[in-house]
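Source file: structure_4.cif. Holds: mmCIF, C-alpha atoms.
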data_final
#
loop_
_atom_site.label_atom_id
_atom_site.label_comp_id
_atom_site.auth_asym_id
_atom_site.auth_seq_id
_atom_site.Cartn_x
_atom_site.Cartn_y
_atom_site.Cartn_z
CA MET S 265 0.00 0.00 0.00
CA LYS S 266 1.23 3.54 -0.75
CA ARG S 267 0.40 6.72 1.17
CA TYR S 268 0.65 10.29 -0.03
CA PRO S 269 0.32 13.20 2.42
CA ILE S 270 -1.44 16.10 0.77
CA ILE S 271 -2.21 19.69 1.61
CA PHE S 272 -5.26 21.24 0.05
CA GLY S 273 -6.66 24.73 -0.27
CA LEU S 274 -10.39 25.10 -0.88
CA ARG S 275 -12.69 28.09 -1.32
CA ASP S 276 -16.47 27.81 -1.20
CA LEU S 277 -19.52 30.04 -1.20
CA ILE S 278 -22.18 28.52 1.00
CA GLN S 279 -25.80 29.58 1.17
CA GLY S 280 -27.39 29.39 4.59
CA ASP S 281 -30.82 30.34 5.88
CA GLY S 282 -30.66 34.09 5.39
CA PHE S 283 -26.90 34.33 4.99
CA LEU S 284 -24.16 33.83 2.45
CA ALA S 285 -20.82 32.60 3.76
CA GLY S 286 -17.36 32.41 2.29
CA VAL S 287 -15.40 29.40 3.59
CA ALA S 288 -11.67 29.26 2.99
CA MET S 289 -9.67 26.33 4.26
CA GLU S 290 -6.08 25.12 4.10
CA GLY S 291 -6.23 21.56 5.35
CA ARG S 292 -4.54 18.21 4.96
CA ALA S 293 -5.51 14.74 3.85
CA LEU S 294 -3.95 11.34 3.28
CA VAL S 295 -4.21 9.51 -0.03
CA HIS S 296 -4.15 5.72 0.33
CA GLU S 297 -3.36 3.64 -2.73
CA GLU S 298 -4.28 0.04 -1.88
CA ASP S 299 -2.47 -2.98 -3.30
CA ASP S 300 -5.54 -3.84 -5.40
CA GLY S 301 -5.23 -0.44 -7.11
CA CYS S 302 -8.16 1.23 -5.36
CA VAL S 303 -7.54 4.70 -3.98
CA TRP S 304 -9.20 6.50 -1.08
CA VAL S 305 -8.55 9.93 0.35
CA GLU S 306 -9.02 10.47 4.06
CA GLY S 307 -9.43 13.89 5.68
CA VAL S 308 -6.87 14.60 8.41
CA ASN S 309 -7.68 18.23 9.16
CA PRO S 310 -10.63 18.22 8.90
CA GLY S 311 -11.07 14.52 9.57
CA GLY S 312 -13.91 12.03 9.65
CA PHE S 313 -14.80 11.89 5.98
CA ALA S 314 -13.32 10.33 2.85
CA GLY S 315 -13.62 9.92 -0.89
CA SER S 316 -12.58 7.04 -3.11
CA GLY S 317 -12.00 6.14 -6.73
CA ARG S 318 -10.17 3.99 -9.23
CA ASN S 319 -7.24 6.40 -9.38
CA PRO S 320 -5.91 9.38 -7.37
CA ALA S 321 -7.64 12.01 -9.52
CA GLU S 322 -11.01 10.29 -9.16
CA ALA S 323 -10.51 9.81 -5.42
CA ILE S 324 -9.52 13.44 -4.85
CA GLU S 325 -12.58 14.58 -6.80
CA SER S 326 -14.73 12.30 -4.62
CA PHE S 327 -13.07 13.74 -1.52
CA ARG S 328 -13.89 17.25 -2.73
CA ARG S 329 -17.57 16.28 -3.09
CA GLU S 330 -17.61 14.85 0.44
CA TYR S 331 -16.09 18.05 1.79
CA THR S 332 -18.75 20.12 0.01
CA ALA S 333 -21.51 17.82 1.30
CA ALA S 334 -20.22 18.35 4.84
CA LEU S 335 -20.42 22.15 4.45
CA TYR S 336 -23.92 21.93 2.94
CA ASP S 337 -25.14 19.80 5.83
CA MET S 338 -23.69 22.29 8.31
CA ALA S 339 -25.49 25.10 6.49
CA GLU S 340 -28.76 23.14 6.70
CA GLU S 341 -28.29 22.74 10.45
CA ALA S 342 -27.37 26.33 11.24
CA ARG S 343 -30.08 28.79 12.19
CA THR S 344 -27.63 31.71 12.02
CA PHE S 345 -24.33 32.54 10.37
CA GLN S 346 -22.61 32.41 13.77
CA GLU S 347 -23.86 28.88 14.30
CA PHE S 348 -22.60 27.87 10.85
CA GLN S 349 -19.24 29.45 11.60
CA ARG S 350 -18.98 27.41 14.82
CA HIS S 351 -19.90 24.20 12.99
CA VAL S 352 -17.17 24.79 10.39
CA GLN S 353 -14.54 25.61 12.98
CA GLU S 354 -15.44 22.49 14.93
CA PHE S 355 -15.28 20.50 11.67
CA PHE S 356 -11.77 21.80 11.01
CA GLY S 357 -10.61 20.67 14.45
CA ASN S 358 -12.15 17.21 14.01
CA ALA S 359 -8.99 15.07 13.82
CA GLY S 360 -8.09 11.49 14.77
CA ALA S 361 -4.75 10.44 16.25
CA THR S 362 -4.10 7.68 13.68
CA PRO S 363 -4.56 9.80 10.53
CA VAL S 364 -2.48 12.63 12.04
CA ARG S 365 0.36 10.28 12.95
CA GLU S 366 0.30 8.56 9.58
CA TRP S 367 0.27 11.87 7.73
CA ASP S 368 3.42 12.94 9.61
CA GLU S 369 5.04 9.58 8.86
CA ALA S 370 4.12 9.91 5.18
CA VAL S 371 5.80 13.32 5.07
CA MET S 372 8.98 11.71 6.42
CA ASP S 373 8.74 9.13 3.65
CA VAL S 374 8.41 11.88 1.03
CA ARG S 375 11.45 13.70 2.41
CA ALA S 376 13.46 10.48 2.46
CA GLY S 377 12.69 9.91 -1.21
CA ARG S 378 10.59 6.82 -0.57
CA VAL S 379 7.50 8.26 -2.27
CA GLU S 380 7.16 8.72 -6.00
CA ALA S 381 4.43 11.17 -6.92
CA GLU S 382 5.48 13.09 -10.00
CA TRP S 383 1.80 13.57 -10.84
CA MET S 384 1.45 16.08 -7.98
CA ASN S 385 2.87 19.52 -7.28
CA ARG S 386 4.67 19.91 -3.95
CA ARG S 387 4.14 22.29 -1.06
CA SER S 388 5.91 22.55 2.26
CA ALA S 389 4.41 20.30 4.93
CA GLU S 390 4.88 23.25 7.29
CA THR S 391 2.33 25.30 5.34
CA PRO S 392 0.00 26.68 8.02
CA ARG S 393 -3.39 25.03 8.29
CA TRP S 394 -6.31 27.34 8.88
CA VAL S 395 -9.99 27.96 8.28
CA GLN S 396 -11.77 31.24 7.74
CA VAL S 397 -15.54 31.68 7.63
CA VAL S 398 -16.87 35.12 6.74
CA GLU S 399 -20.37 36.41 6.20
CA LEU S 400 -20.66 38.08 2.82
CA GLN S 401 -22.67 41.25 3.10
CA GLN S 402 -21.38 43.07 0.05
CA PRO S 403 -20.15 40.65 -2.62
CA LYS S 404 -17.33 42.07 -4.68
CA PRO S 405 -15.28 40.47 -7.46
CA GLN S 406 -12.13 41.44 -5.53
CA ASN S 407 -13.11 38.76 -2.99
CA ASN S 408 -12.82 35.99 -5.56
CA GLU S 409 -9.81 33.79 -4.91
CA ILE S 410 -8.57 30.73 -6.79
CA SER S 411 -7.82 27.94 -4.37
CA GLU S 412 -4.46 26.15 -4.34
CA GLY S 413 -5.99 22.73 -4.82
CA ALA S 414 -4.12 19.64 -3.66
CA ALA S 415 -0.34 19.24 -3.46
CA LEU S 416 2.03 16.66 -2.02
CA ALA S 417 3.29 17.71 1.40
CA ALA S 418 7.07 17.66 1.37
CA MET A 7 -7.57 -3.03 4.44
CA PRO A 8 -9.31 -3.53 1.08
CA GLY A 9 -10.11 -0.76 -1.39
CA TYR A 10 -13.38 1.03 -2.03
CA GLY A 11 -16.77 -0.70 -1.90
CA GLN A 12 -19.89 -0.55 0.25
CA ILE A 13 -21.12 -1.98 3.56
CA LYS A 14 -24.71 -2.19 4.77
CA TRP A 15 -25.58 0.03 7.73
CA LYS A 16 -26.77 -2.89 9.90
CA LYS A 17 -23.30 -4.42 9.84
CA VAL A 18 -21.72 -1.07 10.67
CA LYS A 19 -24.24 -0.53 13.47
CA LYS A 20 -23.37 -3.91 14.96
CA MET A 21 -19.70 -2.94 14.92
CA LEU A 22 -20.36 0.44 16.49
CA ASP A 23 -22.51 -1.10 19.21
CA VAL A 24 -19.47 -3.15 20.24
CA CYS A 25 -16.63 -0.75 19.51
CA ALA A 26 -18.12 2.71 20.09
CA ALA A 27 -20.74 2.29 22.78
CA GLY A 28 -22.70 5.49 23.27
CA TYR A 29 -22.33 6.72 19.68
CA THR A 30 -25.19 8.62 18.05
CA ARG A 31 -26.36 8.73 14.45
CA GLU A 32 -28.06 11.68 12.76
CA ASP A 33 -29.19 11.58 9.15
CA LYS A 34 -28.61 14.94 7.51
CA LYS A 35 -29.73 16.02 4.08
CA HIS A 36 -26.55 14.88 2.34
CA ARG A 37 -24.77 12.49 4.71
CA SER A 38 -25.13 10.51 7.93
CA TRP A 39 -23.25 11.92 10.91
CA ILE A 40 -21.92 9.56 13.55
CA ARG A 41 -20.79 11.21 16.76
CA TYR A 42 -18.56 9.56 19.36
CA ARG A 43 -16.52 11.09 22.17
CA GLY A 44 -16.75 14.60 20.81
CA LEU A 45 -15.76 13.65 17.26
CA THR A 46 -18.00 13.49 14.20
CA ALA A 47 -17.68 11.19 11.20
CA ARG A 48 -19.62 11.90 8.04
CA LEU A 49 -20.66 8.80 6.12
CA SER A 50 -21.30 8.76 2.43
CA LEU A 51 -24.20 6.66 1.18
CA GLY A 52 -23.77 4.18 -1.65
CA GLU A 53 -26.16 4.00 -4.57
CA HIS A 54 -28.16 1.05 -3.28
CA GLY A 55 -29.79 -0.19 -0.09
CA SER A 56 -33.05 0.60 1.67
CA ARG A 57 -33.81 3.62 3.82
CA GLU A 58 -33.64 1.41 6.91
CA ASN A 59 -30.46 -0.34 5.85
CA PRO A 60 -28.56 1.91 3.46
CA GLU A 61 -25.26 1.02 1.89
CA LEU A 62 -22.36 3.09 3.14
CA GLU A 63 -19.15 3.78 1.28
CA LEU A 64 -16.29 1.70 2.65
CA ALA A 65 -13.86 4.61 2.54
CA SER A 66 -16.18 6.58 4.85
CA ILE A 67 -16.29 3.68 7.29
CA LYS A 68 -12.51 3.31 7.29
CA SER A 69 -12.14 7.03 7.90
CA MET A 70 -14.66 6.90 10.76
CA VAL A 71 -12.95 3.96 12.44
CA ARG A 72 -9.58 5.71 12.29
CA LEU A 73 -11.06 8.99 13.52
CA PHE A 74 -12.55 7.27 16.56
CA GLY A 75 -9.43 5.17 17.21
CA ILE A 76 -11.32 1.87 17.14
CA GLU A 77 -9.40 0.15 14.33
CA GLU A 78 -8.54 -3.07 16.16
CA CYS A 79 -12.04 -3.67 17.46
CA ALA A 80 -13.64 -2.72 14.14
CA ALA A 81 -11.39 -5.13 12.23
CA ARG A 82 -12.57 -7.95 14.51
CA GLU A 83 -16.21 -7.07 13.89
CA LEU A 84 -16.13 -6.24 10.16
CA GLU A 85 -14.25 -8.48 7.74
CA GLN A 86 -14.11 -5.68 5.15
CA LEU A 87 -11.74 -3.80 7.46
CA ARG A 88 -9.14 -6.57 7.74
#

As structure tokens - that is how I would like this structure written.
Amino acid sequence: MKRYPIIFGLRDLIQGDGFLAGVAMEGRALVHEEDDGCVWVEGVNPGGFAGSGRNPAEAIESFRREYTAALYDMAEEARTFQEFQRHVQEFFGNAGATPVREWDEAVMDVRAGRVEAEWMNRRSAETPRWVQVVELQQPKPQNNEISEGAALAA
Amino acid sequence: MPGYGQIKWKKVKKMLDVCAAGYTREDKKHRSWIRYRGLTARLSLGEHGSRENPELELASIKSMVRLFGIEECAARELEQLR
């Protein structure tokens, strides 16, 4: 089995009940490539959700859909923007000891040259992880931001 | 552990009853949320299965088990996790 530690940057506009929120997140995930060729991507920060596919690209796309579904469910639950903001911040902090440890180990493997992943760009594993949730009162095109997407943590 | 696939909820429930006593399940619009010891796993539904016994994506179950730190117990209870 192969493991790839990834860092991802995502930007979403989420509609809530009477509010519009911008969610920006720099998080991390672990890509597992099983011996039978199947691939699944596990959230580390935030954790507790996963996507899967027949190859890394498909699995990362599935992971992205699961992340979006999580935000949509939080928006459904929230009666106010502040409640939604709390849900998202709690989601970001939702992390398990095993995925965190394995992500750190996978970074060591990357640095030691034991991981081949030429199909991915690289970013420093020390890239800060954060989440920002803002209520959009006055939408402006200057607020649009292209997310970094996924990169191998090195 | 094997690759992607699906598991029926009743089998997962049986595992959780043994390995994560006190967990709660809430069905949201898009996913099922399983809460245990202050952590929340979000399970993706497969394409098939009944409302009472939906199919759940295996990757979601693996992620949940690792989030909750119940890998050893879960592997004993669910052959798909060995």

Original post:
Given a cut-off of 7 Å, which residues of chain S touch chain A, counting all atoms listed in the file, written out as number ranges by chain?
Top reply: S: 298, 300, 302-304, 306, 311-316, 333, 337, 358-360, 362-363

Original post:
Which residues come within 12 Å of A:Lys20, counting only C-alpha atoms, excluding same-chain residues fewer than 2 positions away, as a VMD selection string?
Top reply: chain A and resid 13 to 18 22 to 27 29 79 to 80 82 to 84

**OP:** Tell me, as a list of chain:residue names, which residues lie within 12 Å of S:Glu354, counting all atoms listed in the file; anything in the same chain fewer than 2 positions away does not count.
**Re:** S:Asn309, S:Pro310, S:Gly311, S:Gly312, S:Ala334, S:Leu335, S:Met338, S:Glu347, S:Phe348, S:Gln349, S:Arg350, S:His351, S:Val352, S:Phe356, S:Gly357, S:Asn358, S:Ala359, S:Trp394, S:Val395, S:Gln396, S:Val397, A:Gly44, A:Leu45, A:Thr46

Subject >> Residues matched by the PyMOL selection byres ((chain S and resi 318) around 7), written as a PyMOL selection string >> reply: chain S and resi 301-303+317+319+322-323

I need the residue set behind the PyMOL selection byres ((chain S and resi 276) around 9) for this file; please write it as a PDB file with C-alpha atoms, in the frame of the given file.
ATOM      1  CA  LEU S 274     -10.390  25.100  -0.880  1.00  0.00           C
ATOM      2  CA  ARG S 275     -12.690  28.090  -1.320  1.00  0.00           C
ATOM      3  CA  LEU S 277     -19.520  30.040  -1.200  1.00  0.00           C
ATOM      4  CA  ILE S 278     -22.180  28.520   1.000  1.00  0.00           C
ATOM      5  CA  ALA S 285     -20.820  32.600   3.760  1.00  0.00           C
ATOM      6  CA  GLY S 286     -17.360  32.410   2.290  1.00  0.00           C
ATOM      7  CA  VAL S 287     -15.400  29.400   3.590  1.00  0.00           C
ATOM      8  CA  ALA S 288     -11.670  29.260   2.990  1.00  0.00           C
ATOM      9  CA  MET S 289      -9.670  26.330   4.260  1.00  0.00           C
ATOM     10  CA  THR S 332     -18.750  20.120   0.010  1.00  0.00           C
ATOM     11  CA  LEU S 335     -20.420  22.150   4.450  1.00  0.00           C
TER      12      LEU S 335
END

Listed atoms of stretch 25-33 of chain A boxed along x, y and z, 3 Å each side, centre and edge lengths in Å, one decimal, as AutoDock Vina command-line options:
--center_x -22.9 --center_y 5.5 --center_z 16.2 --size_x 18.6 --size_y 18.4 --size_z 20.1

Subject >> Residue contacts of S:Glu412 (12 Å, only C-alpha atoms) excluding same-chain residues fewer than 6 positions away, as a VMD selection string >> reply: chain S and resid 270 to 275 288 to 291 385 to 387 391

Original post:
Which is closest to S:Glu366 among S:Gly282, S:Phe327, S:Gly307, S:Arg343, if we use only C-alpha atoms?
Top reply: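 Ranking S:Gly282, S:Phe327, S:Gly307, S:Arg343 by distance to S:Glu366, first place goes to S:Gly307.
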
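The environment of S:Ile324 within 7 Å, counting all atoms listed in the file and disregarding residues fewer than 4 places along the same chain, consists of Val305, Gly315, Pro320 and Arg328 of chain S.
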
Subject >> atom CA of S:Ile410 to atom CA of S:Phe283, straight-line distance in Å >> reply: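 Atom-to-atom, atom CA of S:Phe283 to atom CA of S:Ile410, that is 22.1 Å.
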
Original post:
Interatomic distance between atom CA of S:Asp299 and atom CA of S:Met265?
Top reply: 5.1 Å

**OP:** Tell me, in Å to one decimal, how far atom CA of S:Trp383 is from atom CA of S:Glu297.
**Re:**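 Between atom CA of S:Trp383 and atom CA of S:Glu297 the gap works out to 13.8 Å.
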